[in-house]
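These notes are about the structure you will find just below.
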Amino acid sequence: MEQKYFISTDKDLLDIKAIQKFIANSYWGNNRSLEEVKKTIENSYCFGIYTSDKEQIGFARVVTDYIYFGYFMDVIILDKFQGQGFGKILVEHMLADTTIKNLKTLALKTKDAHQLYERYGFNKIGDSPLWMSVDKQILQ
């Protein structure tokens, strides 16, 4: 059965408590508090993916200057929705977003999702086991 979903940048739709709970228990989240998560959301370009009845499926945010650089952070799919392709759907949507696709450089850090991001043009940076980027800026 095909699951209905939608993606939005409307921060008012975000289930911040569910996002915080997931992030706080992640390897990178370091027990991040609800107030810290709220502050990161306030200061980022955010994406939420939801069921048709507005239940949070996943979340991602980009720290950006809206012209040159974007740093993908906290790309998550909540536990009960994992393994259903929503991570790919969310990343593909983010990369197609007008704001994101016009950025010159995208970067992220991951410990375990290199294969996911490589299919979208991200490459490892130097000998770092974590950093990846897409660099479209031509230096003269």
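Starting from 1 in every chain, residues are counted up; chains themselves are A, B, ... following the order of the structure tokens, and ligands are numbered from 1 as listed.
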
query = Excluding same-chain residues fewer than 4 positions from A:Ala24, what lies within 12 Å of it counting only C-alpha atoms, as JSON, numbers by chain?
reply = {"A": [16, 17, 18, 19, 20, 28, 29, 30, 31, 32, 33, 34, 35, 36, 37, 74, 76]}

For the residues in that selection, give me C-alpha atoms as a JSON list (two decimals), in the first residue's frame.
[["chain", "number", "residue", "atom", "x", "y", "z"],
["A", 16, "ILE", "CA", 9.39, 19.67, 17.91],
["A", 17, "LYS", "CA", 9.06, 17.26, 20.85],
["A", 18, "ALA", "CA", 9.25, 14.20, 18.55],
["A", 19, "ILE", "CA", 12.21, 15.73, 16.69],
["A", 20, "GLN", "CA", 14.02, 16.55, 19.95],
["A", 28, "TRP", "CA", 25.36, 13.28, 17.16],
["A", 29, "GLY", "CA", 22.60, 14.75, 19.34],
["A", 30, "ASN", "CA", 24.40, 14.66, 22.70],
["A", 31, "ASN", "CA", 21.15, 14.80, 24.69],
["A", 32, "ARG", "CA", 20.16, 18.05, 22.96],
["A", 33, "SER", "CA", 17.48, 19.79, 25.00],
["A", 34, "LEU", "CA", 14.08, 20.92, 23.77],
["A", 35, "GLU", "CA", 15.18, 24.57, 24.04],
["A", 36, "GLU", "CA", 18.32, 23.85, 22.01],
["A", 37, "VAL", "CA", 16.29, 22.12, 19.29],
["A", 74, "ASP", "CA", 19.71, 16.68, 11.61],
["A", 76, "ILE", "CA", 16.13, 12.20, 10.41]]

ask   = Residues at most 8 Å from stretch 40-43 of chain A, counting only C-alpha atoms, excluding those fewer than 2 positions away in the same chain, as a list in words?
value =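 Near neighbours after the sequence-gap exclusion: Lys11, Glu36, Val37, Lys38, Tyr45, Cys46, Arg61 and Val63 of chain A.
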
query = What lies within 8 Å of A:Val62 using only C-alpha atoms, ignoring chain neighbours under 6 positions off, as a PyMOL selection string?
reply = chain A and resi 44-46+70-73

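Distances from A:Tyr68, A:Tyr120, A:Phe6, A:Tyr27 to A:Asp53 were compared using only C-alpha atoms, and the smallest one belongs to A:Phe6.
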
key: Which of stretch 17-128 of chain A fall in helix (DSSP H, G or I), as a PyMOL selection string   = chain A and resi 17-24+34-42+79-81+86-96+98-101+114-118

Could you dump the residues just selected with N, CA, C and O atoms as a short mmCIF file (atom, residue, chain, number, x, y, z; two decimals), in the first residue's frame?
data_model
loop_
_atom_site.label_atom_id
_atom_site.label_comp_id
_atom_site.auth_asym_id
_atom_site.auth_seq_id
_atom_site.Cartn_x
_atom_site.Cartn_y
_atom_site.Cartn_z
N LYS A 17 8.78 18.24 19.79
CA LYS A 17 9.06 17.26 20.85
C LYS A 17 9.51 15.92 20.26
O LYS A 17 10.43 15.29 20.76
N ALA A 18 8.85 15.47 19.19
CA ALA A 18 9.25 14.20 18.55
C ALA A 18 10.63 14.34 17.91
O ALA A 18 11.46 13.42 18.01
N ILE A 19 10.90 15.48 17.31
CA ILE A 19 12.21 15.73 16.69
C ILE A 19 13.29 15.74 17.77
O ILE A 19 14.34 15.10 17.63
N GLN A 20 13.04 16.46 18.86
CA GLN A 20 14.02 16.55 19.95
C GLN A 20 14.30 15.18 20.55
O GLN A 20 15.44 14.83 20.80
N LYS A 21 13.27 14.38 20.76
CA LYS A 21 13.45 13.05 21.35
C LYS A 21 14.36 12.20 20.46
O LYS A 21 15.27 11.54 20.95
N PHE A 22 14.12 12.22 19.16
CA PHE A 22 14.94 11.44 18.24
C PHE A 22 16.39 11.95 18.25
O PHE A 22 17.33 11.17 18.39
N ILE A 23 16.57 13.25 18.09
CA ILE A 23 17.91 13.83 18.01
C ILE A 23 18.69 13.62 19.31
O ILE A 23 19.87 13.28 19.29
N ALA A 24 18.03 13.80 20.45
CA ALA A 24 18.71 13.64 21.74
C ALA A 24 19.26 12.23 21.92
O ALA A 24 20.26 12.04 22.62
N LEU A 34 15.19 20.38 24.55
CA LEU A 34 14.08 20.92 23.77
C LEU A 34 14.35 22.38 23.39
O LEU A 34 14.12 22.78 22.25
N GLU A 35 14.87 23.16 24.33
CA GLU A 35 15.18 24.57 24.04
C GLU A 35 16.27 24.69 22.98
O GLU A 35 16.19 25.56 22.11
N GLU A 36 17.26 23.82 23.03
CA GLU A 36 18.32 23.85 22.01
C GLU A 36 17.76 23.51 20.63
O GLU A 36 18.10 24.15 19.63
N VAL A 37 16.90 22.50 20.57
CA VAL A 37 16.29 22.12 19.29
C VAL A 37 15.43 23.27 18.75
O VAL A 37 15.49 23.60 17.57
N LYS A 38 14.66 23.90 19.62
CA LYS A 38 13.85 25.04 19.19
C LYS A 38 14.74 26.14 18.59
O LYS A 38 14.40 26.73 17.56
N LYS A 39 15.86 26.43 19.24
CA LYS A 39 16.76 27.49 18.77
C LYS A 39 17.38 27.12 17.42
O LYS A 39 17.48 27.97 16.53
N THR A 40 17.76 25.83 17.24
CA THR A 40 18.34 25.43 15.96
C THR A 40 17.30 25.54 14.84
O THR A 40 17.63 25.94 13.72
N ILE A 41 16.05 25.23 15.15
CA ILE A 41 14.98 25.34 14.16
C ILE A 41 14.74 26.81 13.80
O ILE A 41 14.60 27.15 12.62
N GLU A 42 14.72 27.68 14.78
CA GLU A 42 14.53 29.11 14.54
C GLU A 42 15.58 29.67 13.58
O GLU A 42 15.29 30.56 12.79
N ASP A 79 11.63 6.64 13.96
CA ASP A 79 11.80 5.18 13.98
C ASP A 79 10.71 4.41 13.25
O ASP A 79 11.01 3.54 12.44
N LYS A 80 9.47 4.71 13.51
CA LYS A 80 8.39 3.89 12.94
C LYS A 80 8.23 4.05 11.43
O LYS A 80 7.55 3.25 10.79
N PHE A 81 8.91 5.04 10.85
CA PHE A 81 8.84 5.28 9.41
C PHE A 81 10.12 4.89 8.68
O PHE A 81 10.20 5.03 7.46
N PHE A 86 11.58 7.05 2.96
CA PHE A 86 11.33 8.46 3.25
C PHE A 86 12.60 9.30 3.33
O PHE A 86 12.58 10.50 3.03
N GLY A 87 13.71 8.71 3.73
CA GLY A 87 14.97 9.46 3.77
C GLY A 87 15.37 9.92 2.38
O GLY A 87 15.75 11.09 2.19
N LYS A 88 15.28 9.03 1.41
CA LYS A 88 15.60 9.39 0.03
C LYS A 88 14.64 10.46 -0.48
O LYS A 88 15.05 11.42 -1.14
N ILE A 89 13.36 10.28 -0.20
CA ILE A 89 12.35 11.25 -0.64
C ILE A 89 12.65 12.63 -0.07
O ILE A 89 12.61 13.64 -0.79
N LEU A 90 13.00 12.68 1.21
CA LEU A 90 13.28 13.97 1.86
C LEU A 90 14.53 14.62 1.27
O LEU A 90 14.51 15.81 0.93
N VAL A 91 15.61 13.87 1.11
CA VAL A 91 16.85 14.43 0.56
C VAL A 91 16.63 14.89 -0.88
O VAL A 91 17.08 15.98 -1.26
N GLU A 92 15.93 14.10 -1.68
CA GLU A 92 15.65 14.50 -3.06
C GLU A 92 14.84 15.79 -3.11
O GLU A 92 15.13 16.68 -3.92
N HIS A 93 13.87 15.91 -2.23
CA HIS A 93 13.07 17.13 -2.18
C HIS A 93 13.94 18.33 -1.78
O HIS A 93 13.82 19.41 -2.37
N MET A 94 14.78 18.14 -0.79
CA MET A 94 15.66 19.23 -0.35
C MET A 94 16.55 19.70 -1.49
O MET A 94 16.69 20.90 -1.72
N LEU A 95 17.15 18.76 -2.21
CA LEU A 95 18.07 19.12 -3.29
C LEU A 95 17.35 19.78 -4.46
O LEU A 95 17.96 20.55 -5.21
N ALA A 96 16.07 19.51 -4.63
CA ALA A 96 15.28 20.13 -5.70
C ALA A 96 14.69 21.48 -5.29
O ALA A 96 14.25 22.24 -6.15
N THR A 98 14.24 25.22 -4.58
CA THR A 98 14.86 26.35 -5.28
C THR A 98 15.99 26.99 -4.47
O THR A 98 17.05 27.29 -5.00
N THR A 99 15.77 27.19 -3.19
CA THR A 99 16.80 27.80 -2.34
C THR A 99 18.05 26.93 -2.30
O THR A 99 19.17 27.43 -2.46
N ILE A 100 17.89 25.65 -2.11
CA ILE A 100 19.03 24.74 -1.95
C ILE A 100 19.75 24.51 -3.27
O ILE A 100 20.99 24.53 -3.33
N LYS A 101 19.01 24.29 -4.34
CA LYS A 101 19.67 23.94 -5.61
C LYS A 101 20.49 25.09 -6.17
O LYS A 101 21.39 24.88 -6.97
N HIS A 114 26.98 7.55 4.12
CA HIS A 114 27.76 7.97 2.95
C HIS A 114 27.13 7.50 1.63
O HIS A 114 27.05 8.27 0.68
N GLN A 115 26.68 6.27 1.59
CA GLN A 115 26.09 5.74 0.35
C GLN A 115 24.85 6.51 -0.06
O GLN A 115 24.63 6.75 -1.25
N LEU A 116 24.03 6.87 0.89
CA LEU A 116 22.83 7.66 0.58
C LEU A 116 23.23 8.97 -0.10
O LEU A 116 22.71 9.31 -1.16
N TYR A 117 24.15 9.69 0.49
CA TYR A 117 24.50 11.01 -0.03
C TYR A 117 25.35 10.95 -1.30
O TYR A 117 25.27 11.84 -2.14
N GLU A 118 26.16 9.91 -1.47
CA GLU A 118 26.96 9.77 -2.69
C GLU A 118 26.07 9.71 -3.92
O GLU A 118 26.42 10.25 -4.97
#

task = Return the single residue from A:Asp97, A:Leu14, A:Trp131, A:Phe69 that is closest to A:Ala113, with distances computed using only C-alpha atoms.
result =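 Residue with the minimum atom-to-atom distance to A:Ala113: A:Trp131.
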
query = What residues in stretch 39-139 of chain A get the DSSP label strand (DSSP E)? Please answer as a PyMOL selection string.
reply = chain A and resi 45-51+56-64+69-77+105-109+123-124+131-135

task = Find the residues near A:Gln137: any atom within 9 Å, counting only C-alpha atoms, skip ones fewer than 6 places away on the same chain, and give them as a VMD selection string.
result = chain A and resid 68 103 to 105

key: Selection: 8 Å around A:Ile57, only C-alpha atoms, excl. self and same-chain fewer than 5 positions, as a ChimeraX atom specification   = /A:48-51,77-78,81,86

inquiry  = I want to know what sits within 10 Å of A:Pro129, based on only C-alpha atoms, with residues of the same chain fewer than 3 positions away left out; could you give that as a list of chain:residue names?
reply    =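 Here the qualifying residues turn out to be A:Lys109, A:Thr110, A:Lys111, A:Asp112, A:His114, A:Lys124, A:Ile125, A:Gly126, A:Met132.
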
task = Report the distance between atom CA of A:Gln82 and atom CA of A:Tyr5 in Å, rounded to one decimal place.
result =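 Taking atom CA of A:Gln82 and atom CA of A:Tyr5, their separation equals 13.9 Å.
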
task = May I ask which of the residues A:Leu130, A:Ser52, A:Leu106, A:Thr64 is the closest one to A:Lys4, counting only C-alpha atoms?
result =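 With only C-alpha atoms as the atom set, the closest residue is A:Ser52.
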